[in-house]
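J.: Got a structure for you, entry-v6.pdb, holding PDB, C-alpha atoms.
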```
ATOM      1  CA  MET L 221       0.000   0.000   0.000
ATOM      2  CA  LYS L 222       1.254   3.502  -0.872
ATOM      3  CA  VAL L 223       0.207   6.168   1.636
ATOM      4  CA  LEU L 224       0.579   9.948   1.523
ATOM      5  CA  VAL L 225       0.879  11.431   5.024
ATOM      6  CA  GLY L 226       0.166  15.064   5.852
ATOM      7  CA  GLY L 227       1.192  16.362   9.268
ATOM      8  CA  SER L 228       3.937  13.739   9.338
ATOM      9  CA  THR L 229       6.240  15.755  11.615
ATOM     10  CA  GLY L 230       3.734  15.976  14.468
ATOM     11  CA  LEU L 231       3.457  13.635  17.448
ATOM     12  CA  VAL L 232       1.070  11.207  15.728
ATOM     13  CA  GLY L 233       2.514  11.695  12.246
ATOM     14  CA  GLU L 234       6.074  10.757  13.183
ATOM     15  CA  ALA L 235       4.867   7.629  14.974
ATOM     16  CA  LEU L 236       2.597   6.783  12.037
ATOM     17  CA  VAL L 237       5.262   6.849   9.322
ATOM     18  CA  LYS L 238       7.421   4.521  11.443
ATOM     19  CA  ALA L 239       4.475   2.156  11.869
ATOM     20  CA  ILE L 240       3.689   2.232   8.133
ATOM     21  CA  ALA L 241       7.301   1.393   7.322
ATOM     22  CA  ALA L 242       7.299  -1.405   9.904
ATOM     23  CA  LYS L 243       4.340  -2.976   8.083
ATOM     24  CA  GLN L 244       6.337  -2.744   4.848
ATOM     25  CA  HIS L 245       3.984  -0.245   3.259
ATOM     26  CA  GLU L 246       5.329   2.766   1.376
ATOM     27  CA  PHE L 247       4.792   6.325   2.594
ATOM     28  CA  THR L 248       5.444   9.801   1.226
ATOM     29  CA  ARG L 249       5.283  12.949   3.307
ATOM     30  CA  LEU L 250       3.103  15.899   2.302
ATOM     31  CA  VAL L 251       5.478  18.781   3.047
ATOM     32  CA  ARG L 252       5.614  22.549   2.943
ATOM     33  CA  SER L 253       9.248  22.752   1.890
ATOM     34  CA  GLY L 254      12.343  20.651   1.294
ATOM     35  CA  SER L 255      12.980  17.950  -1.244
ATOM     36  CA  ASP L 256      11.658  14.848   0.523
ATOM     37  CA  GLY L 257       7.962  14.569  -0.212
ATOM     38  CA  LEU L 258       5.005  15.945  -2.148
ATOM     39  CA  LYS L 259       4.925  19.726  -1.718
ATOM     40  CA  TRP L 260       2.181  22.222  -1.151
ATOM     41  CA  ASP L 261       2.098  25.962  -0.457
ATOM     42  CA  ALA L 262       1.835  26.633   3.285
ATOM     43  CA  SER L 263      -0.303  29.751   2.901
ATOM     44  CA  THR L 264      -2.790  28.602   0.259
ATOM     45  CA  TYR L 265      -2.562  24.795   0.657
ATOM     46  CA  THR L 266      -2.113  24.578  -3.104
ATOM     47  CA  LEU L 267      -0.432  21.369  -4.243
ATOM     48  CA  ASP L 268       2.552  21.755  -6.556
ATOM     49  CA  ASN L 269       1.487  18.662  -8.497
ATOM     50  CA  PRO L 270      -2.120  17.601  -7.771
ATOM     51  CA  ALA L 271      -1.942  14.813 -10.361
ATOM     52  CA  ALA L 272       0.650  13.045  -8.176
ATOM     53  CA  LEU L 273      -2.133  12.215  -5.702
ATOM     54  CA  ALA L 274      -3.260   9.512  -8.117
ATOM     55  CA  ASP L 275      -0.085   7.559  -7.300
ATOM     56  CA  PHE L 276      -1.344   6.693  -3.814
ATOM     57  CA  ASP L 277      -3.743   4.092  -2.451
ATOM     58  CA  ALA L 278      -4.640   6.236   0.549
ATOM     59  CA  VAL L 279      -4.111   9.718   1.977
ATOM     60  CA  VAL L 280      -3.829  10.415   5.713
ATOM     61  CA  HIS L 281      -3.890  14.048   6.835
ATOM     62  CA  LEU L 282      -3.137  14.917  10.472
ATOM     63  CA  GLY L 283      -2.051  18.546  10.231
ATOM     64  CA  GLY L 284      -3.403  21.473  12.222
ATOM     65  CA  GLU L 285      -2.383  24.380  14.457
ATOM     66  CA  SER L 286      -2.033  23.373  18.119
ATOM     67  CA  ILE L 287      -5.074  24.266  20.234
ATOM     68  CA  ILE L 288      -2.899  24.704  23.335
ATOM     69  CA  GLY L 289      -2.357  28.304  24.450
ATOM     70  CA  ARG L 290      -4.424  31.443  24.926
ATOM     71  CA  TRP L 291      -6.983  31.874  22.161
ATOM     72  CA  SER L 292      -6.610  35.274  20.622
ATOM     73  CA  ALA L 293      -8.713  36.024  17.557
ATOM     74  CA  THR L 294      -5.643  35.349  15.401
ATOM     75  CA  LYS L 295      -4.914  32.049  17.137
ATOM     76  CA  LYS L 296      -8.507  30.875  16.687
ATOM     77  CA  GLN L 297      -8.387  31.753  13.000
ATOM     78  CA  ARG L 298      -5.184  29.730  12.579
ATOM     79  CA  ILE L 299      -6.783  26.779  14.406
ATOM     80  CA  ARG L 300      -9.764  26.886  12.057
ATOM     81  CA  ASP L 301      -7.957  27.618   8.782
ATOM     82  CA  SER L 302      -5.175  25.071   9.267
ATOM     83  CA  ARG L 303      -7.795  22.342   9.584
ATOM     84  CA  VAL L 304     -10.655  23.408   7.349
ATOM     85  CA  LYS L 305      -8.706  24.937   4.456
ATOM     86  CA  SER L 306      -6.099  22.181   4.256
ATOM     87  CA  THR L 307      -8.789  19.483   4.310
ATOM     88  CA  ALA L 308     -10.844  21.289   1.670
ATOM     89  CA  ALA L 309      -7.812  21.674  -0.601
ATOM     90  CA  LEU L 310      -6.974  17.975  -0.375
ATOM     91  CA  ALA L 311     -10.556  16.835  -0.825
ATOM     92  CA  GLU L 312     -11.082  19.047  -3.875
ATOM     93  CA  ALA L 313      -7.813  17.940  -5.469
ATOM     94  CA  LEU L 314      -8.663  14.277  -4.908
ATOM     95  CA  ALA L 315     -12.175  14.720  -6.296
ATOM     96  CA  GLN L 316     -10.792  16.006  -9.589
ATOM     97  CA  LEU L 317      -8.741  12.879 -10.284
ATOM     98  CA  ASP L 318      -9.971  10.258 -12.732
ATOM     99  CA  GLN L 319      -8.629   7.492 -10.480
ATOM    100  CA  PRO L 320      -8.257   8.912  -6.953
ATOM    101  CA  PRO L 321      -6.957   7.021  -3.908
ATOM    102  CA  ALA L 322      -9.611   4.765  -2.406
ATOM    103  CA  THR L 323      -9.317   6.170   1.108
ATOM    104  CA  LEU L 324      -8.907   9.559   2.790
ATOM    105  CA  ILE L 325      -8.277   9.470   6.549
ATOM    106  CA  LEU L 326      -8.440  12.764   8.417
ATOM    107  CA  ALA L 327      -7.810  13.847  11.977
ATOM    108  CA  SER L 328     -10.739  15.341  13.849
ATOM    109  CA  ALA L 329     -11.471  15.659  17.568
ATOM    110  CA  THR L 330     -13.936  14.809  20.305
ATOM    111  CA  GLY L 331     -14.333  18.563  20.619
ATOM    112  CA  TYR L 332     -17.186  17.896  18.171
ATOM    113  CA  TYR L 333     -19.386  16.888  21.120
ATOM    114  CA  GLY L 334     -18.886  19.974  23.291
ATOM    115  CA  ASN L 335     -19.432  19.926  27.068
ATOM    116  CA  ARG L 336     -21.776  16.993  27.810
ATOM    117  CA  GLY L 337     -21.364  16.144  31.500
ATOM    118  CA  ASP L 338     -21.511  12.400  32.216
ATOM    119  CA  THR L 339     -23.568  11.496  29.123
ATOM    120  CA  GLU L 340     -22.032   8.603  27.203
ATOM    121  CA  LEU L 341     -21.200   9.797  23.691
ATOM    122  CA  THR L 342     -20.903   7.710  20.525
ATOM    123  CA  GLU L 343     -20.281   8.648  16.906
ATOM    124  CA  ASP L 344     -24.064   9.040  16.526
ATOM    125  CA  SER L 345     -24.292  11.680  19.265
ATOM    126  CA  SER L 346     -25.287  15.181  18.224
ATOM    127  CA  LEU L 347     -23.017  18.137  17.595
ATOM    128  CA  GLY L 348     -22.176  20.134  20.704
ATOM    129  CA  GLU L 349     -21.764  23.875  21.201
ATOM    130  CA  GLY L 350     -18.750  26.142  21.266
ATOM    131  CA  PHE L 351     -15.722  27.072  19.214
ATOM    132  CA  LEU L 352     -14.171  23.593  19.026
ATOM    133  CA  ALA L 353     -17.463  21.972  18.068
ATOM    134  CA  ASP L 354     -17.940  24.522  15.291
ATOM    135  CA  VAL L 355     -14.393  23.921  14.019
ATOM    136  CA  CYS L 356     -14.875  20.140  14.022
ATOM    137  CA  LYS L 357     -18.153  20.473  12.112
ATOM    138  CA  GLU L 358     -16.502  22.587   9.400
ATOM    139  CA  TRP L 359     -13.383  20.391   9.425
ATOM    140  CA  GLU L 360     -15.326  17.224   8.704
ATOM    141  CA  ALA L 361     -17.641  18.914   6.188
ATOM    142  CA  ALA L 362     -14.600  20.157   4.243
ATOM    143  CA  ALA L 363     -14.060  16.571   3.063
ATOM    144  CA  ASP L 364     -17.446  16.475   1.278
ATOM    145  CA  PRO L 365     -15.961  16.787  -2.250
ATOM    146  CA  ALA L 366     -13.959  13.594  -1.696
ATOM    147  CA  ARG L 367     -17.037  11.819  -0.325
ATOM    148  CA  ALA L 368     -19.062  12.917  -3.338
ATOM    149  CA  ALA L 369     -16.363  11.476  -5.617
ATOM    150  CA  GLY L 370     -16.810   8.036  -4.046
ATOM    151  CA  ILE L 371     -13.697   8.112  -1.838
ATOM    152  CA  ARG L 372     -14.013   6.400   1.547
ATOM    153  CA  VAL L 373     -13.527   9.162   4.120
ATOM    154  CA  VAL L 374     -12.735   8.467   7.779
ATOM    155  CA  HIS L 375     -12.690  11.173  10.456
ATOM    156  CA  LEU L 376     -10.608  10.151  13.479
ATOM    157  CA  ARG L 377     -12.128  11.971  16.441
ATOM    158  CA  TYR L 378      -9.167  12.062  18.802
ATOM    159  CA  ALA L 379      -9.367  12.870  22.500
ATOM    160  CA  MET L 380      -6.338  13.596  24.706
ATOM    161  CA  LEU L 381      -3.437  11.464  23.459
ATOM    162  CA  LEU L 382      -1.023  10.127  26.056
ATOM    163  CA  SER L 383       2.683  10.145  25.329
ATOM    164  CA  PRO L 384       5.660  11.298  27.405
ATOM    165  CA  ASP L 385       7.109  12.738  24.203
ATOM    166  CA  GLY L 386       4.446  15.345  23.533
ATOM    167  CA  GLY L 387       0.940  16.616  24.121
ATOM    168  CA  ALA L 388      -0.840  17.036  27.445
ATOM    169  CA  LEU L 389       0.982  14.290  29.347
ATOM    170  CA  LYS L 390       4.411  15.743  28.603
ATOM    171  CA  THR L 391       3.173  19.115  29.907
ATOM    172  CA  MET L 392       1.786  17.533  33.085
ATOM    173  CA  LEU L 393       4.856  15.514  34.005
ATOM    174  CA  PRO L 394       7.163  18.230  35.421
ATOM    175  CA  PRO L 395       4.745  19.551  38.104
ATOM    176  CA  PHE L 396       3.448  16.068  38.926
ATOM    177  CA  LYS L 397       6.995  14.737  39.369
ATOM    178  CA  LEU L 398       7.623  17.577  41.822
ATOM    179  CA  GLY L 399       4.513  16.644  43.800
ATOM    180  CA  LEU L 400       2.722  19.781  42.646
ATOM    181  CA  GLY L 401      -0.019  18.091  40.619
ATOM    182  CA  GLY L 402      -3.719  18.240  41.351
ATOM    183  CA  LYS L 403      -7.191  18.139  39.878
ATOM    184  CA  ILE L 404      -8.508  20.993  37.742
ATOM    185  CA  ALA L 405     -11.543  22.849  39.141
ATOM    186  CA  THR L 406     -13.967  20.291  40.653
ATOM    187  CA  GLY L 407     -12.207  17.365  38.960
ATOM    188  CA  LYS L 408     -15.606  15.873  38.151
ATOM    189  CA  GLN L 409     -15.333  16.572  34.416
ATOM    190  CA  TYR L 410     -14.847  13.452  32.290
ATOM    191  CA  MET L 411     -11.671  13.117  30.263
ATOM    192  CA  SER L 412     -11.532  10.867  27.223
ATOM    193  CA  TRP L 413      -8.060   9.675  26.325
ATOM    194  CA  ALA L 414      -6.065   7.245  24.191
ATOM    195  CA  SER L 415      -2.423   6.239  24.150
ATOM    196  CA  LEU L 416      -0.260   7.321  21.233
ATOM    197  CA  ASP L 417       0.125   3.640  20.346
ATOM    198  CA  ASP L 418      -3.636   3.272  19.953
ATOM    199  CA  ALA L 419      -3.886   6.567  18.070
ATOM    200  CA  VAL L 420      -1.479   5.179  15.467
ATOM    201  CA  GLN L 421      -2.829   1.642  15.389
ATOM    202  CA  ALA L 422      -6.345   3.005  14.846
ATOM    203  CA  ILE L 423      -5.124   4.698  11.651
ATOM    204  CA  LEU L 424      -3.593   1.457  10.378
ATOM    205  CA  PHE L 425      -6.795  -0.363  11.328
ATOM    206  CA  ALA L 426      -8.862   2.193   9.405
ATOM    207  CA  LEU L 427      -6.605   1.852   6.373
ATOM    208  CA  GLU L 428      -7.127  -1.907   6.371
ATOM    209  CA  THR L 429     -10.845  -2.003   7.289
ATOM    210  CA  PRO L 430     -13.059  -0.958   4.358
ATOM    211  CA  ALA L 431     -16.187  -1.083   6.535
ATOM    212  CA  LEU L 432     -14.976   1.898   8.565
ATOM    213  CA  GLU L 433     -16.278   5.176   7.208
ATOM    214  CA  GLY L 434     -17.292   8.538   8.625
ATOM    215  CA  PRO L 435     -16.523   9.598  12.198
ATOM    216  CA  ILE L 436     -14.562   7.192  14.417
ATOM    217  CA  ASN L 437     -13.960   7.920  18.095
ATOM    218  CA  VAL L 438     -10.328   7.127  18.873
ATOM    219  CA  VAL L 439     -10.631   6.942  22.650
ATOM    220  CA  SER L 440     -10.040   4.317  25.300
ATOM    221  CA  PRO L 441     -13.218   2.412  26.243
ATOM    222  CA  ASN L 442     -12.658   3.664  29.808
ATOM    223  CA  SER L 443     -12.955   7.413  30.137
ATOM    224  CA  CYS L 444     -12.364   8.806  33.611
ATOM    225  CA  THR L 445     -12.867  12.001  35.563
ATOM    226  CA  ASN L 446     -10.099  14.542  35.844
ATOM    227  CA  GLU L 447      -9.820  13.685  39.547
ATOM    228  CA  ALA L 448      -9.412   9.959  38.774
ATOM    229  CA  PHE L 449      -6.784  10.752  36.139
ATOM    230  CA  THR L 450      -4.906  12.955  38.589
ATOM    231  CA  ARG L 451      -4.870  10.259  41.258
ATOM    232  CA  ALA L 452      -3.751   7.579  38.789
ATOM    233  CA  LEU L 453      -0.849   9.694  37.542
ATOM    234  CA  GLY L 454       0.157  10.460  41.118
ATOM    235  CA  ARG L 455       0.171   6.757  42.019
ATOM    236  CA  VAL L 456       2.267   5.872  38.980
ATOM    237  CA  LEU L 457       4.804   8.598  39.780
ATOM    238  CA  ARG L 458       4.567   7.915  43.535
ATOM    239  CA  ARG L 459       3.877  11.563  44.244
ATOM    240  CA  PRO L 460       1.083  13.367  46.110
ATOM    241  CA  THR L 461      -1.582  15.198  44.119
ATOM    242  CA  ILE L 462      -2.749  17.755  46.660
ATOM    243  CA  PHE L 463      -2.468  21.014  44.725
ATOM    244  CA  PRO L 464      -5.740  21.576  42.847
ATOM    245  CA  VAL L 465      -6.015  24.218  40.143
ATOM    246  CA  PRO L 466      -9.126  26.325  40.880
ATOM    247  CA  ALA L 467     -11.342  27.261  37.951
ATOM    248  CA  PHE L 468     -10.463  30.958  38.275
ATOM    249  CA  ALA L 469      -6.746  30.152  38.129
ATOM    250  CA  ALA L 470      -7.197  28.017  35.000
ATOM    251  CA  ARG L 471      -9.140  30.836  33.348
ATOM    252  CA  LEU L 472      -6.525  33.379  34.399
ATOM    253  CA  ALA L 473      -3.759  31.258  32.873
ATOM    254  CA  PHE L 474      -5.475  30.055  29.706
ATOM    255  CA  GLY L 475      -8.502  32.246  29.086
ATOM    256  CA  GLU L 476     -11.227  30.767  26.874
ATOM    257  CA  MET L 477      -9.232  27.561  26.364
ATOM    258  CA  ALA L 478      -9.642  26.662  30.047
ATOM    259  CA  ASP L 479     -13.421  26.287  29.773
ATOM    260  CA  ALA L 480     -13.357  24.805  26.266
ATOM    261  CA  LEU L 481     -10.696  22.194  26.943
ATOM    262  CA  LEU L 482      -9.578  21.799  30.555
ATOM    263  CA  MET L 483     -12.979  22.004  32.245
ATOM    264  CA  THR L 484     -15.166  20.510  29.527
ATOM    265  CA  SER L 485     -16.639  17.086  30.308
ATOM    266  CA  GLN L 486     -16.775  14.407  27.592
ATOM    267  CA  ARG L 487     -17.450  10.729  28.257
ATOM    268  CA  VAL L 488     -16.775   9.329  24.793
ATOM    269  CA  LEU L 489     -16.994   5.674  23.727
ATOM    270  CA  PRO L 490     -15.142   4.022  20.790
ATOM    271  CA  SER L 491     -18.310   2.378  19.488
ATOM    272  CA  ARG L 492     -17.350   1.938  15.831
ATOM    273  CA  LEU L 493     -13.841   0.689  16.540
ATOM    274  CA  ALA L 494     -15.291  -1.853  18.971
ATOM    275  CA  ALA L 495     -18.003  -2.941  16.532
ATOM    276  CA  ASN L 496     -15.353  -3.610  13.876
ATOM    277  CA  GLY L 497     -13.126  -5.683  16.150
ATOM    278  CA  TYR L 498     -10.376  -3.252  17.126
ATOM    279  CA  THR L 499      -8.481  -4.330  20.264
ATOM    280  CA  PHE L 500      -6.938  -1.549  22.337
ATOM    281  CA  LYS L 501      -3.357  -1.952  23.470
ATOM    282  CA  HIS L 502      -4.098   0.377  26.388
ATOM    283  CA  PRO L 503      -7.745   0.116  27.471
ATOM    284  CA  GLU L 504      -7.127   0.988  31.168
ATOM    285  CA  LEU L 505      -5.581   4.242  32.378
ATOM    286  CA  GLU L 506      -3.188   3.232  35.147
ATOM    287  CA  PRO L 507      -1.596   0.308  33.258
ATOM    288  CA  ALA L 508      -1.291   2.609  30.238
ATOM    289  CA  LEU L 509       0.520   5.256  32.278
ATOM    290  CA  ARG L 510       2.843   2.636  33.816
ATOM    291  CA  ASP L 511       3.692   1.293  30.372
ATOM    292  CA  LEU L 512       4.209   4.731  28.815
ATOM    293  CA  LEU L 513       6.302   6.023  31.727
ATOM    294  CA  ASN L 514       8.189   2.760  32.318
ATOM    295  CA  GLN L 515       6.974   2.565  35.909
TER     296      GLN L 515
END
```
Before anything else, please render the file you have as structure tokens.

T.:
Amino acid sequence: MKVLVGGSTGLVGEALVKAIAAKQHEFTRLVRSGSDGLKWDASTYTLDNPAALADFDAVVHLGGESIIGRWSATKKQRIRDSRVKSTAALAEALAQLDQPPATLILASATGYYGNRGDTELTEDSSLGEGFLADVCKEWEAAADPARAAGIRVVHLRYAMLLSPDGGALKTMLPPFKLGLGGKIATGKQYMSWASLDDAVQAILFALETPALEGPINVVSPNSCTNEAFTRALGRVLRRPTIFPVPAFAARLAFGEMADALLMTSQRVLPSRLAANGYTFKHPELEPALRDLLNQ
């Protein structure tokens, strides 16, 4: 199988290209500059050679501006444009080919569901409210030209991905190792999560499973509250977790992002992965943390 990978230098992308190579598939990077890969313009997402897309069996696109940080108007526009415009450009280019790749796999996020308390959420659950939900709606809709052309489109709705090499867990580790960790606000908000290993294996599974189409929740089958996550990480690191972050402090530090991300509650289930026989490497939180942190 020949796979084009966009966002290949990110946390998931770098792990994915290694996994593709390990399975003896071929991959090419979709790049903004340099000589190694298929190029496109970083400002307009225009492909230098759209016809070259026909050389691939599948396209995986994982790119997007980080949502971490204070959300200025400019930051929010970059978050939206980097997802929606890049997806639209790829989908439109693929739709114009006489013989396009059979599969287009795109990153998305559980932000689609908004703040839903302790309600169990599946891929059939309704769209939520807020900035991230709006972005996810537009992000997934941007692939419509590819869908209309008969290409199988998969939207990987990722939650928090656990890896000591990047993302939220890497950010948490320094204070938790110092014994300064604690729950955020009440700690009762549900956190959906998946290990980086499962994030990558879910892509390979989607590539090899023609029945998978549309949104796919890439989350552990065992979501937990922020308080439960905090306690589990403290146990693994053998450190106390007695320094909570009050809601006002989170808002002071992160602004709008605090409510939209840190204090939002999402209890998401991987219903379609489970129905198609996917087996999680890390279904339980504490064993996952021990494995990832070599504890």

J.: Of the residues L:Trp413, L:Phe351, L:Phe396, L:Trp359, which is the one nearest to Pro460 of chain L, using only C-alpha atoms?

T.: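 Looking only at the distances to Pro460 of chain L, the closest residue turns out to be L:Phe396.
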
J.: If we count all atoms listed in the file, what is near Ala452 of chain L at a cut-off of 7 Å, once residues fewer than 4 positions away on the same chain are taken out, given as a list of chain:residue names?

T.: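 Residues meeting the cut-off are L:Ala448, L:Val456, L:Glu506.
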
J.: Pick the closest to Ser306 of chain L from L:Val438, L:Ala262, L:Leu341, L:Ala329: which is it, counting all atoms listed in the file?

T.: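 When distances to Ser306 of chain L are compared using all atoms listed in the file, the smallest one comes from L:Ala262.
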
J.: At what distance in Å, to one decimal, does atom CA of Thr307 of chain L lie from atom CA of Leu267 of chain L?

T.: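 Taking atom CA of Leu267 of chain L as the start and atom CA of Thr307 of chain L as the end point, the length is 12.1 Å.
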
J.: Identify all residues satisfying the PyMOL selection byres ((chain L and resi 509-512) around 10) in the given file; provide them as a list in words.

T.: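 When the PyMOL selection byres ((chain L and resi 509-512) around 10) is applied to the shown file, the picked residues are Leu382, Ser383, Pro384, Asp385, Leu389, Ser415, Leu416, Asp417, Phe449, Ala452, Leu453, Arg455, Val456, Leu457, His502, Glu504, Leu505, Glu506, Pro507, Ala508, Leu513, Asn514 and Gln515 of chain L.
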
J.: What separation in Å, quoted to one decimal, exists between atom CA of Thr499 of chain L and atom CA of Asp418 of chain L?

T.: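 Calculated distance between atom CA of Thr499 of chain L and atom CA of Asp418 of chain L is 9.0 Å.
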
J.: Between L:Pro464, L:Pro270, L:Pro394, L:Gly289, which residue has the minimum interatomic distance to Leu258 of chain L, considering only C-alpha atoms?

T.: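 Comparing L:Pro464, L:Pro270, L:Pro394, L:Gly289 against Leu258 of chain L, the winner is L:Pro270.
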
J.: Determine the residue membership of the PyMOL selection byres ((chain L and resi 421-425) around 9) for the file above and supply it as a ChimeraX atom specification.

T.: /L:236,239-240,280,325,376,416-420,426-429,432,438,493,498,500-501

J.: With the PyMOL selection byres ((chain L and resi 273) around 10) as the selection, what would be picked from this file? Answer as a list in words, please.

T.: Val223, Leu224, Leu258, Leu267, Asn269, Pro270, Ala271, Ala272, Ala274, Asp275, Phe276, Asp277, Ala278, Val279, Leu310, Ala313, Leu314, Leu317, Gln319, Pro320 and Pro321 of chain L

J.: Measure the distance from atom CA of Asp301 of chain L to atom CA of Ser328 of chain L in Å and round it to one decimal.

T.: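 Rounded to one decimal, the two atoms are 13.6 Å apart.
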
J.: Choose the residue, out of L:Leu324, L:Met411, L:Leu393, L:Leu398, that has the smallest atom-to-atom separation from Glu340 of chain L; count only C-alpha atoms.

T.: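 Going through L:Leu324, L:Met411, L:Leu393, L:Leu398 one by one, the smallest distance to Glu340 of chain L is for L:Met411.
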
J.: Which residue out of L:Arg298, L:His281, L:Lys357, L:Arg252 has the minimum interatomic distance to Leu326 of chain L when all atoms listed in the file are used?

T.: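 Looking at the shortest contact to Leu326 of chain L, the residue is L:His281.
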
J.: Measuring between all atoms listed in the file, which one of L:Ser263, L:Thr229, L:Thr342, L:Gln316 shows the shortest distance to Pro441 of chain L?

T.: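 Among L:Ser263, L:Thr229, L:Thr342, L:Gln316, it is L:Thr342 that comes nearest to Pro441 of chain L.
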
J.: Hey, can you pull every residue with an atom no more than 9 Å from (-8.9, 13.0, 30.2), using all atoms listed in the file, and send it as a JSON list (two decimals) with C-alpha atoms, in the frame of the given file?

T.:
```
[["chain", "number", "residue", "atom", "x", "y", "z"],
["L", 379, "ALA", "CA", -9.37, 12.87, 22.50],
["L", 380, "MET", "CA", -6.34, 13.60, 24.71],
["L", 381, "LEU", "CA", -3.44, 11.46, 23.46],
["L", 409, "GLN", "CA", -15.33, 16.57, 34.42],
["L", 410, "TYR", "CA", -14.85, 13.45, 32.29],
["L", 411, "MET", "CA", -11.67, 13.12, 30.26],
["L", 412, "SER", "CA", -11.53, 10.87, 27.22],
["L", 413, "TRP", "CA", -8.06, 9.68, 26.32],
["L", 414, "ALA", "CA", -6.06, 7.24, 24.19],
["L", 443, "SER", "CA", -12.96, 7.41, 30.14],
["L", 444, "CYS", "CA", -12.36, 8.81, 33.61],
["L", 445, "THR", "CA", -12.87, 12.00, 35.56],
["L", 446, "ASN", "CA", -10.10, 14.54, 35.84],
["L", 449, "PHE", "CA", -6.78, 10.75, 36.14],
["L", 482, "LEU", "CA", -9.58, 21.80, 30.56],
["L", 485, "SER", "CA", -16.64, 17.09, 30.31],
["L", 486, "GLN", "CA", -16.77, 14.41, 27.59]]
```

J.: Please complete segment 485-496 of chain L with N, CA and C atoms and give it back as a PDB file, in the coordinates of the input.

T.:
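Once everything was written out, this is out32.pdb:
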```
ATOM      1  N   SER L 485     -16.442  18.494  29.944  1.00  0.00           N
ATOM      2  CA  SER L 485     -16.639  17.086  30.308  1.00  0.00           C
ATOM      3  C   SER L 485     -17.147  16.298  29.104  1.00  0.00           C
ATOM      4  N   GLN L 486     -16.405  15.259  28.730  1.00  0.00           N
ATOM      5  CA  GLN L 486     -16.775  14.407  27.592  1.00  0.00           C
ATOM      6  C   GLN L 486     -16.496  12.946  27.940  1.00  0.00           C
ATOM      7  N   ARG L 487     -17.552  12.162  27.944  1.00  0.00           N
ATOM      8  CA  ARG L 487     -17.450  10.729  28.257  1.00  0.00           C
ATOM      9  C   ARG L 487     -17.701   9.962  26.957  1.00  0.00           C
ATOM     10  N   VAL L 488     -16.651   9.822  26.165  1.00  0.00           N
ATOM     11  CA  VAL L 488     -16.775   9.329  24.793  1.00  0.00           C
ATOM     12  C   VAL L 488     -16.442   7.842  24.728  1.00  0.00           C
ATOM     13  N   LEU L 489     -17.194   7.113  23.911  1.00  0.00           N
ATOM     14  CA  LEU L 489     -16.994   5.674  23.727  1.00  0.00           C
ATOM     15  C   LEU L 489     -16.515   5.375  22.306  1.00  0.00           C
ATOM     16  N   PRO L 490     -15.632   4.390  22.127  1.00  0.00           N
ATOM     17  CA  PRO L 490     -15.142   4.022  20.790  1.00  0.00           C
ATOM     18  C   PRO L 490     -16.053   2.997  20.118  1.00  0.00           C
ATOM     19  N   SER L 491     -17.304   3.359  19.917  1.00  0.00           N
ATOM     20  CA  SER L 491     -18.310   2.378  19.488  1.00  0.00           C
ATOM     21  C   SER L 491     -17.995   1.727  18.147  1.00  0.00           C
ATOM     22  N   ARG L 492     -17.573   2.512  17.172  1.00  0.00           N
ATOM     23  CA  ARG L 492     -17.350   1.938  15.831  1.00  0.00           C
ATOM     24  C   ARG L 492     -16.072   1.121  15.767  1.00  0.00           C
ATOM     25  N   LEU L 493     -15.035   1.529  16.479  1.00  0.00           N
ATOM     26  CA  LEU L 493     -13.841   0.689  16.540  1.00  0.00           C
ATOM     27  C   LEU L 493     -14.177  -0.653  17.185  1.00  0.00           C
ATOM     28  N   ALA L 494     -14.922  -0.609  18.280  1.00  0.00           N
ATOM     29  CA  ALA L 494     -15.291  -1.853  18.971  1.00  0.00           C
ATOM     30  C   ALA L 494     -16.148  -2.746  18.083  1.00  0.00           C
ATOM     31  N   ALA L 495     -17.100  -2.155  17.385  1.00  0.00           N
ATOM     32  CA  ALA L 495     -18.003  -2.941  16.532  1.00  0.00           C
ATOM     33  C   ALA L 495     -17.263  -3.613  15.383  1.00  0.00           C
ATOM     34  N   ASN L 496     -16.125  -3.048  14.988  1.00  0.00           N
ATOM     35  CA  ASN L 496     -15.353  -3.610  13.876  1.00  0.00           C
ATOM     36  C   ASN L 496     -14.174  -4.462  14.341  1.00  0.00           C
TER      37      ASN L 496
END
```
